[in-house]
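Shown below: data_24.csv, with CSV, C-alpha atoms and all ligand atoms.
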chain,number,residue,atom,x,y,z
B,1,MET,CA,97.5,85.0,103.0
B,2,LEU,CA,100.6,84.2,101.0
B,3,ILE,CA,102.2,86.8,98.7
B,4,ASP,CA,105.1,86.0,96.4
B,5,VAL,CA,107.0,88.8,94.8
B,6,ILE,CA,109.2,88.1,91.8
B,7,THR,CA,111.9,90.6,91.3
B,8,ILE,CA,115.6,91.0,90.2
B,9,PHE,CA,116.0,93.3,93.3
B,10,PRO,CA,114.9,91.2,96.3
B,11,GLU,CA,116.9,93.5,98.6
B,12,MET,CA,114.4,96.4,97.8
B,13,LEU,CA,111.7,94.5,99.6
B,14,ALA,CA,113.4,93.2,102.8
B,15,GLN,CA,113.6,96.3,104.9
B,16,PRO,CA,110.1,97.8,104.2
B,17,LEU,CA,108.5,94.5,105.0
B,18,SER,CA,110.4,94.2,108.3
B,19,VAL,CA,108.9,97.3,110.1
B,20,GLY,CA,105.6,98.6,111.3
B,21,VAL,CA,102.2,97.0,110.8
B,22,LEU,CA,103.4,94.8,108.0
B,23,GLY,CA,106.5,93.7,109.8
B,24,ARG,CA,104.4,92.6,112.8
B,25,ALA,CA,101.8,90.9,110.7
B,26,ILE,CA,104.5,88.9,109.0
B,27,GLU,CA,106.1,88.1,112.3
B,28,ASP,CA,102.8,86.9,113.7
B,29,GLY,CA,102.2,84.7,110.7
B,30,LEU,CA,99.0,86.5,109.5
B,31,LEU,CA,100.8,87.3,106.3
B,32,THR,CA,103.6,85.5,104.5
B,33,VAL,CA,105.7,87.3,101.9
B,34,ARG,CA,108.2,85.3,99.9
B,35,VAL,CA,110.6,87.4,97.9
B,36,GLN,CA,111.7,85.4,94.9
B,37,ASP,CA,114.9,86.3,93.0
B,38,LEU,CA,114.1,86.1,89.3
B,39,ARG,CA,117.7,85.2,88.6
B,40,ASP,CA,117.2,82.0,90.5
B,41,PHE,CA,114.9,80.9,87.6
B,42,THR,CA,117.5,81.5,84.8
B,43,HIS,CA,119.4,78.6,83.4
B,44,ASP,CA,122.5,80.3,81.9
B,45,ARG,CA,125.8,81.0,83.6
B,46,HIS,CA,125.3,84.8,83.7
B,47,HIS,CA,121.7,84.7,85.0
B,48,VAL,CA,120.4,86.9,82.1
B,49,THR,CA,116.9,88.2,82.6
B,50,ASP,CA,116.7,90.8,79.8
B,51,GLU,CA,117.4,91.1,76.1
B,52,PRO,CA,117.1,93.8,73.4
B,53,PRO,CA,113.6,94.1,71.9
B,54,TYR,CA,112.8,92.4,68.7
B,55,GLY,CA,112.3,94.9,65.9
B,56,GLY,CA,114.7,97.3,67.6
B,57,GLY,CA,114.0,100.2,69.9
B,58,PRO,CA,115.5,101.6,73.1
B,59,GLY,CA,116.4,99.7,76.3
B,60,MET,CA,115.9,96.1,77.2
B,61,VAL,CA,112.9,93.8,77.6
B,62,MET,CA,112.6,91.2,80.3
B,63,LYS,CA,112.7,87.6,79.0
B,64,PRO,CA,109.7,85.4,79.4
B,65,GLU,CA,111.2,82.1,80.5
B,66,PRO,CA,112.4,83.1,84.1
B,67,PHE,CA,108.9,84.6,84.8
B,68,PHE,CA,107.2,81.4,83.5
B,69,ARG,CA,109.4,79.2,85.7
B,70,ALA,CA,109.2,81.4,88.8
B,71,VAL,CA,105.4,81.6,88.7
B,72,CYS,CA,105.2,77.8,88.2
B,73,HIS,CA,107.4,77.4,91.2
B,74,CYS,CA,105.3,79.8,93.3
B,75,ARG,CA,102.0,78.1,92.3
B,76,SER,CA,103.3,74.6,93.0
B,77,THR,CA,104.5,75.6,96.4
B,78,GLY,CA,101.5,77.7,97.3
B,79,PRO,CA,98.4,76.9,99.3
B,80,SER,CA,95.6,77.1,96.7
B,81,ALA,CA,96.3,74.3,94.3
B,82,GLY,CA,97.6,76.7,91.6
B,83,ARG,CA,94.7,79.1,91.8
B,84,ALA,CA,96.8,82.1,92.7
B,85,ARG,CA,96.1,85.7,91.5
B,86,VAL,CA,99.1,86.5,89.3
B,87,VAL,CA,99.5,90.3,89.2
B,88,LEU,CA,101.7,92.2,86.8
B,89,MET,CA,102.8,95.5,88.2
B,90,THR,CA,102.5,98.0,85.3
B,91,PRO,CA,101.2,101.6,84.8
B,92,GLN,CA,98.9,100.1,82.2
B,93,GLY,CA,97.0,98.0,84.8
B,94,ARG,CA,93.8,98.6,86.8
B,95,ARG,CA,94.3,101.4,89.3
B,96,LEU,CA,94.8,100.4,92.9
B,97,THR,CA,92.0,101.6,95.1
B,98,HIS,CA,90.6,100.8,98.5
B,99,HIS,CA,87.8,98.7,96.8
B,100,LEU,CA,90.4,96.7,94.8
B,101,SER,CA,92.5,96.2,97.9
B,102,GLU,CA,89.5,94.7,99.7
B,103,GLU,CA,89.0,92.4,96.7
B,104,MET,CA,92.7,91.3,96.8
B,105,ALA,CA,92.6,90.9,100.6
B,106,ARG,CA,90.2,88.0,100.1
B,107,GLU,CA,92.8,86.0,98.1
B,108,GLU,CA,94.6,83.1,99.6
B,109,HIS,CA,97.7,83.4,97.3
B,110,MET,CA,99.0,86.3,95.2
B,111,ILE,CA,102.0,86.4,93.0
B,112,LEU,CA,103.3,89.9,92.1
B,113,LEU,CA,105.5,90.3,89.0
B,114,CYS,CA,107.9,93.3,89.1
B,115,PRO,CA,109.3,94.2,85.7
B,116,ARG,CA,112.2,96.6,85.1
B,117,TYR,CA,113.7,98.3,82.1
B,118,GLU,CA,111.4,99.0,79.1
B,119,GLY,CA,109.0,96.3,80.3
B,120,ILE,CA,108.3,92.6,79.9
B,121,ASP,CA,107.8,90.2,77.0
B,122,GLU,CA,104.2,90.3,76.0
B,123,ARG,CA,103.8,86.6,76.5
B,124,VAL,CA,104.1,87.0,80.2
B,125,ARG,CA,101.3,89.6,80.2
B,126,GLN,CA,99.1,87.2,78.0
B,127,TRP,CA,99.8,83.8,79.5
B,128,VAL,CA,101.2,84.2,83.0
B,129,ALA,CA,99.5,87.3,84.5
B,130,THR,CA,95.8,87.0,85.5
B,131,HIS,CA,95.6,90.6,86.5
B,132,GLU,CA,97.5,93.9,85.9
B,133,LEU,CA,97.9,96.6,88.6
B,134,SER,CA,98.9,100.2,88.5
B,135,ILE,CA,99.5,102.4,91.6
B,136,GLY,CA,98.7,105.6,89.6
B,137,ASP,CA,99.1,107.5,86.4
B,138,TYR,CA,102.8,108.0,86.6
B,139,VAL,CA,105.8,105.9,85.7
B,140,ILE,CA,108.4,104.6,88.3
B,141,SER,CA,111.5,102.7,87.5
B,142,GLY,CA,110.2,99.2,88.3
B,143,GLY,CA,107.4,97.2,89.9
B,144,GLU,CA,109.0,96.8,93.3
B,145,ILE,CA,107.8,100.0,94.9
B,146,ALA,CA,104.4,99.5,93.4
B,147,ALA,CA,104.3,96.0,94.8
B,148,LEU,CA,105.2,97.3,98.2
B,149,ALA,CA,102.3,99.8,98.0
B,150,ALA,CA,99.9,97.0,97.1
B,151,ILE,CA,101.2,94.7,99.8
B,152,ASP,CA,100.7,97.4,102.4
B,153,ALA,CA,97.2,98.4,101.2
B,154,VAL,CA,96.1,94.8,101.0
B,155,GLY,CA,98.0,93.5,104.0
B,156,ARG,CA,96.4,95.9,106.5
B,157,LEU,CA,93.0,94.7,105.4
B,158,VAL,CA,93.8,91.0,106.3
B,159,PRO,CA,91.8,90.2,109.4
B,160,GLY,CA,93.8,90.6,112.6
B,161,VAL,CA,96.6,92.7,111.0
B,162,LEU,CA,95.5,96.0,112.5
B,163,GLY,CA,95.4,96.2,116.3
B,164,HIS,CA,92.0,98.0,116.2
B,165,PRO,CA,89.8,96.6,113.4
B,166,GLU,CA,87.9,99.9,113.4
B,167,SER,CA,90.9,101.9,112.4
B,168,SER,CA,90.8,100.5,108.8
B,169,LEU,CA,87.1,101.4,108.7
B,170,THR,CA,87.7,105.1,109.5
B,171,ASP,CA,90.6,105.4,107.1
B,172,SER,CA,90.2,107.7,104.2
B,173,PHE,CA,88.3,105.9,101.4
B,174,ALA,CA,87.0,103.1,103.6
B,175,ALA,CA,84.5,105.5,105.3
B,176,PRO,CA,84.1,106.4,102.3
B,177,GLY,CA,85.4,109.9,101.8
B,178,LEU,CA,88.5,111.5,103.3
B,179,GLU,CA,89.5,111.4,107.0
B,180,GLY,CA,89.3,114.7,108.9
B,181,PRO,CA,91.9,116.4,111.1
B,182,GLN,CA,93.4,114.8,114.2
B,183,TYR,CA,95.1,116.5,117.2
B,184,THR,CA,97.3,115.3,120.1
B,185,ARG,CA,99.1,117.0,123.0
B,186,PRO,CA,100.1,119.8,123.6
B,187,PHE,CA,96.8,121.7,123.7
B,188,ALA,CA,98.4,124.9,122.5
B,189,TYR,CA,101.5,125.0,120.3
B,190,ARG,CA,102.9,128.2,118.9
B,191,GLY,CA,99.6,129.9,119.7
B,192,LEU,CA,97.7,127.2,117.7
B,193,LYS,CA,95.0,125.6,119.9
B,194,VAL,CA,93.2,122.3,119.6
B,195,PRO,CA,89.4,122.8,119.0
B,196,ASP,CA,87.5,123.0,122.3
B,197,VAL,CA,85.0,120.3,121.4
B,198,LEU,CA,87.7,117.6,121.4
B,199,ARG,CA,88.4,118.4,125.1
B,200,SER,CA,84.7,118.7,126.0
B,201,GLY,CA,84.3,115.1,127.0
B,202,ASP,CA,81.0,115.0,125.1
B,203,HIS,CA,81.4,111.9,122.9
B,204,GLY,CA,78.4,112.7,120.8
B,205,ALA,CA,79.7,116.2,120.0
B,206,VAL,CA,83.2,114.9,119.3
B,207,ASP,CA,81.7,112.3,116.9
B,208,ARG,CA,79.6,114.9,115.1
B,209,TRP,CA,82.6,117.2,114.8
B,210,HIS,CA,84.7,114.4,113.2
B,211,ARG,CA,82.0,113.5,110.8
B,212,GLU,CA,81.4,117.1,109.8
B,213,GLN,CA,85.2,117.8,109.4
B,214,ALA,CA,85.6,114.7,107.2
B,215,ARG,CA,82.6,115.8,105.1
B,216,MET,CA,84.0,119.3,104.7
B,217,ARG,CA,87.4,118.0,103.7
B,218,THR,CA,86.0,115.6,101.2
B,219,LEU,CA,83.8,118.4,99.8
B,220,MET,CA,86.8,120.7,99.4
B,221,ARG,CA,89.3,118.2,98.0
B,222,ARG,CA,87.3,115.3,96.4
B,223,PRO,CA,83.8,116.5,95.9
B,224,GLU,CA,83.1,113.7,93.4
B,225,LEU,CA,83.1,111.3,96.4
B,226,LEU,CA,80.0,113.0,97.8
B,227,SER,CA,76.5,112.9,96.4
B,228,LYS,CA,74.6,116.0,95.5
B,229,ARG,CA,72.9,116.1,98.9
B,230,GLY,CA,76.3,116.2,100.5
B,231,GLU,CA,75.9,112.7,102.0
B,232,TRP,CA,78.4,109.8,101.8
B,233,GLN,CA,78.1,108.0,98.6
B,234,TYR,CA,80.0,104.9,97.7
B,235,ASP,CA,80.2,105.0,94.0
B,236,ARG,CA,82.4,102.1,93.1
B,237,GLU,CA,82.8,103.0,89.4
B,238,ARG,CA,84.1,106.4,90.2
B,239,PHE,CA,86.1,105.2,93.1
B,240,ASP,CA,88.0,102.7,90.9
B,241,GLY,CA,88.5,105.2,88.1
B,242,SER,CA,87.1,102.6,85.8
B,301,LIG,N1,105.8,100.3,87.1
B,301,LIG,C1,106.1,101.5,86.7
B,301,LIG,N2,105.2,102.4,87.0
B,301,LIG,C2,104.2,101.7,87.6
B,301,LIG,C3,103.0,102.1,88.1
B,301,LIG,N3,102.5,103.4,88.1
B,301,LIG,N4,102.2,101.2,88.7
B,301,LIG,C4,102.6,99.9,88.8
B,301,LIG,N5,103.8,99.5,88.3
B,301,LIG,C5,104.6,100.4,87.7
Re-express the file's structure as structure tokens.
Ligand code: ADE
Amino acid sequence: MLIDVITIFPEMLAQPLSVGVLGRAIEDGLLTVRVQDLRDFTHDRHHVTDEPPYGGGPGMVMKPEPFFRAVCHCRSTGPSAGRARVVLMTPQGRRLTHHLSEEMAREEHMILLCPRYEGIDERVRQWVATHELSIGDYVISGGEIAALAAIDAVGRLVPGVLGHPESSLTDSFAAPGLEGPQYTRPFAYRGLKVPDVLRSGDHGAVDRWHREQARMRTLMRRPELLSKRGEWQYDRERFDGS
């Protein structure tokens, strides 16, 4: 999978993409992330990417031309003959969920647009972006951190990225529902002991314990994820918040 990120702060992406699961996936060539500096797609001497809004108002708005040019460049140098998913990062977009991450993980090429300031010229939204994506109902200072969250959520679902394929299946939301508690050594810490069943060696009992704990946690914290009978229910509409 190829992901292009278009930003005026390319340095924000470099370090997070160099470590952990994503860093290894990129190193192994399972995932390619190209960070594109929006200023490289300006034609003026000062590499201007923003202007005051027409009609007045606070702050600055990002100009359309550099985004048009940058996306054109990414498409023409991408693998899928121009058929990339072009995603505008915005709190107005569709909320990122596990289900949506699975959908995006099937793409061959994605281009993530990261606006700053008061936002982006509407023509980019209308004519360049094919999708809009939000990481939640709050506003952050720009699209870069949102893009990183999306790259992480999607990247780990790309086949081969996780060492143990089953670990993405037991993650919270994939199950579906929330994951239960986990313990490691030491057995007793400050008088707090690991539940005996986990040391029993009875794999069936351990498995039942994990399922029950996950179910209880989901019931306490996110009861809407469980059906009335208390069984797992994969309700896509509610999951997506759509
Ligand atoms: N840019 C600012 N806030 C955002 C959000 N919640 N999701 C995606 N992009 C954003």
Identify, counting only C-alpha atoms and all ligand atoms, the protein, DNA and RNA residues located within 12 Å of ligand LIG 301 (chain B), and give them as an MDAnalysis selection string.
chainID B and resid 87:96 112:120 131:150
I'd like the interatomic distance between atom CA of Arg75 of chain B and atom CA of Val5 of chain B, to a tenth of an Å.
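Going from atom CA of Arg75 of chain B over to atom CA of Val5 of chain B, I get 12.1 Å.
Here atom CA of Leu162 of chain B stands at a distance of 16.6 Å from atom CA of Met104 of chain B.
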Atom CA of Glu65 of chain B and atom CA of Glu122 of chain B, how far apart in Å?
11.7 Å
Can you pull out every residue within 7 Å of Leu178 of chain B, counting only C-alpha atoms, but drop anything in the same chain fewer than 3 positions away, and send it as a PyMOL selection string?
chain B and resi 172-173+214+217-218
Compare B:Gly29, B:Gly57, B:Pro66, B:Pro16 by their minimum atom-to-atom distance to Val124 of chain B, counting only C-alpha atoms, and give me the closest one.
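Ranked by minimum distance to Val124 of chain B, first place goes to B:Pro66.
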Between B:Ala84, B:Ser101, B:Gly180, B:Asp50, which has the minimum distance to Arg208 of chain B (counting only C-alpha atoms)?
B:Gly180
For the point (108.2, 80.8, 89.8) in the file's frame, write as an NGL selection string all residues with an atom no more than 9 Å away, counting all atoms listed in the file.
:B and (4 or 6 or 36 or 38 or 41 or 66-76 or 111)
N, CA and C atoms are what I want for segment 68-80 of chain B; can you complete it accordingly and write them as a PDB file, keeping the file's coordinate frame?
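After the write, part03.pdb holds the following:
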ATOM      1  N   PHE B  68     107.974  82.650  83.617  1.00  0.00           N
ATOM      2  CA  PHE B  68     107.200  81.400  83.500  1.00  0.00           C
ATOM      3  C   PHE B  68     107.579  80.435  84.613  1.00  0.00           C
ATOM      4  N   ARG B  69     108.889  80.226  84.708  1.00  0.00           N
ATOM      5  CA  ARG B  69     109.400  79.200  85.700  1.00  0.00           C
ATOM      6  C   ARG B  69     109.115  79.665  87.107  1.00  0.00           C
ATOM      7  N   ALA B  70     109.363  80.943  87.378  1.00  0.00           N
ATOM      8  CA  ALA B  70     109.200  81.400  88.800  1.00  0.00           C
ATOM      9  C   ALA B  70     107.729  81.316  89.191  1.00  0.00           C
ATOM     10  N   VAL B  71     106.801  81.672  88.302  1.00  0.00           N
ATOM     11  CA  VAL B  71     105.400  81.600  88.700  1.00  0.00           C
ATOM     12  C   VAL B  71     104.966  80.143  88.859  1.00  0.00           C
ATOM     13  N   CYS B  72     105.481  79.268  88.011  1.00  0.00           N
ATOM     14  CA  CYS B  72     105.200  77.800  88.200  1.00  0.00           C
ATOM     15  C   CYS B  72     105.660  77.347  89.531  1.00  0.00           C
ATOM     16  N   HIS B  73     106.854  77.776  89.918  1.00  0.00           N
ATOM     17  CA  HIS B  73     107.400  77.400  91.200  1.00  0.00           C
ATOM     18  C   HIS B  73     106.499  77.909  92.351  1.00  0.00           C
ATOM     19  N   CYS B  74     106.121  79.206  92.258  1.00  0.00           N
ATOM     20  CA  CYS B  74     105.300  79.800  93.300  1.00  0.00           C
ATOM     21  C   CYS B  74     103.948  79.095  93.428  1.00  0.00           C
ATOM     22  N   ARG B  75     103.330  78.832  92.273  1.00  0.00           N
ATOM     23  CA  ARG B  75     102.000  78.100  92.300  1.00  0.00           C
ATOM     24  C   ARG B  75     102.136  76.778  92.925  1.00  0.00           C
ATOM     25  N   SER B  76     103.175  76.035  92.516  1.00  0.00           N
ATOM     26  CA  SER B  76     103.300  74.600  93.000  1.00  0.00           C
ATOM     27  C   SER B  76     103.644  74.549  94.440  1.00  0.00           C
ATOM     28  N   THR B  77     104.180  75.633  95.002  1.00  0.00           N
ATOM     29  CA  THR B  77     104.500  75.600  96.400  1.00  0.00           C
ATOM     30  C   THR B  77     103.574  76.462  97.243  1.00  0.00           C
ATOM     31  N   GLY B  78     102.476  76.899  96.601  1.00  0.00           N
ATOM     32  CA  GLY B  78     101.500  77.700  97.300  1.00  0.00           C
ATOM     33  C   GLY B  78     100.352  76.924  97.853  1.00  0.00           C
ATOM     34  N   PRO B  79      99.425  77.604  98.552  1.00  0.00           N
ATOM     35  CA  PRO B  79      98.400  76.900  99.300  1.00  0.00           C
ATOM     36  C   PRO B  79      97.139  76.551  98.468  1.00  0.00           C
ATOM     37  N   SER B  80      96.936  77.212  97.315  1.00  0.00           N
ATOM     38  CA  SER B  80      95.600  77.100  96.700  1.00  0.00           C
ATOM     39  C   SER B  80      95.550  76.296  95.458  1.00  0.00           C
TER      40      SER B  80
END
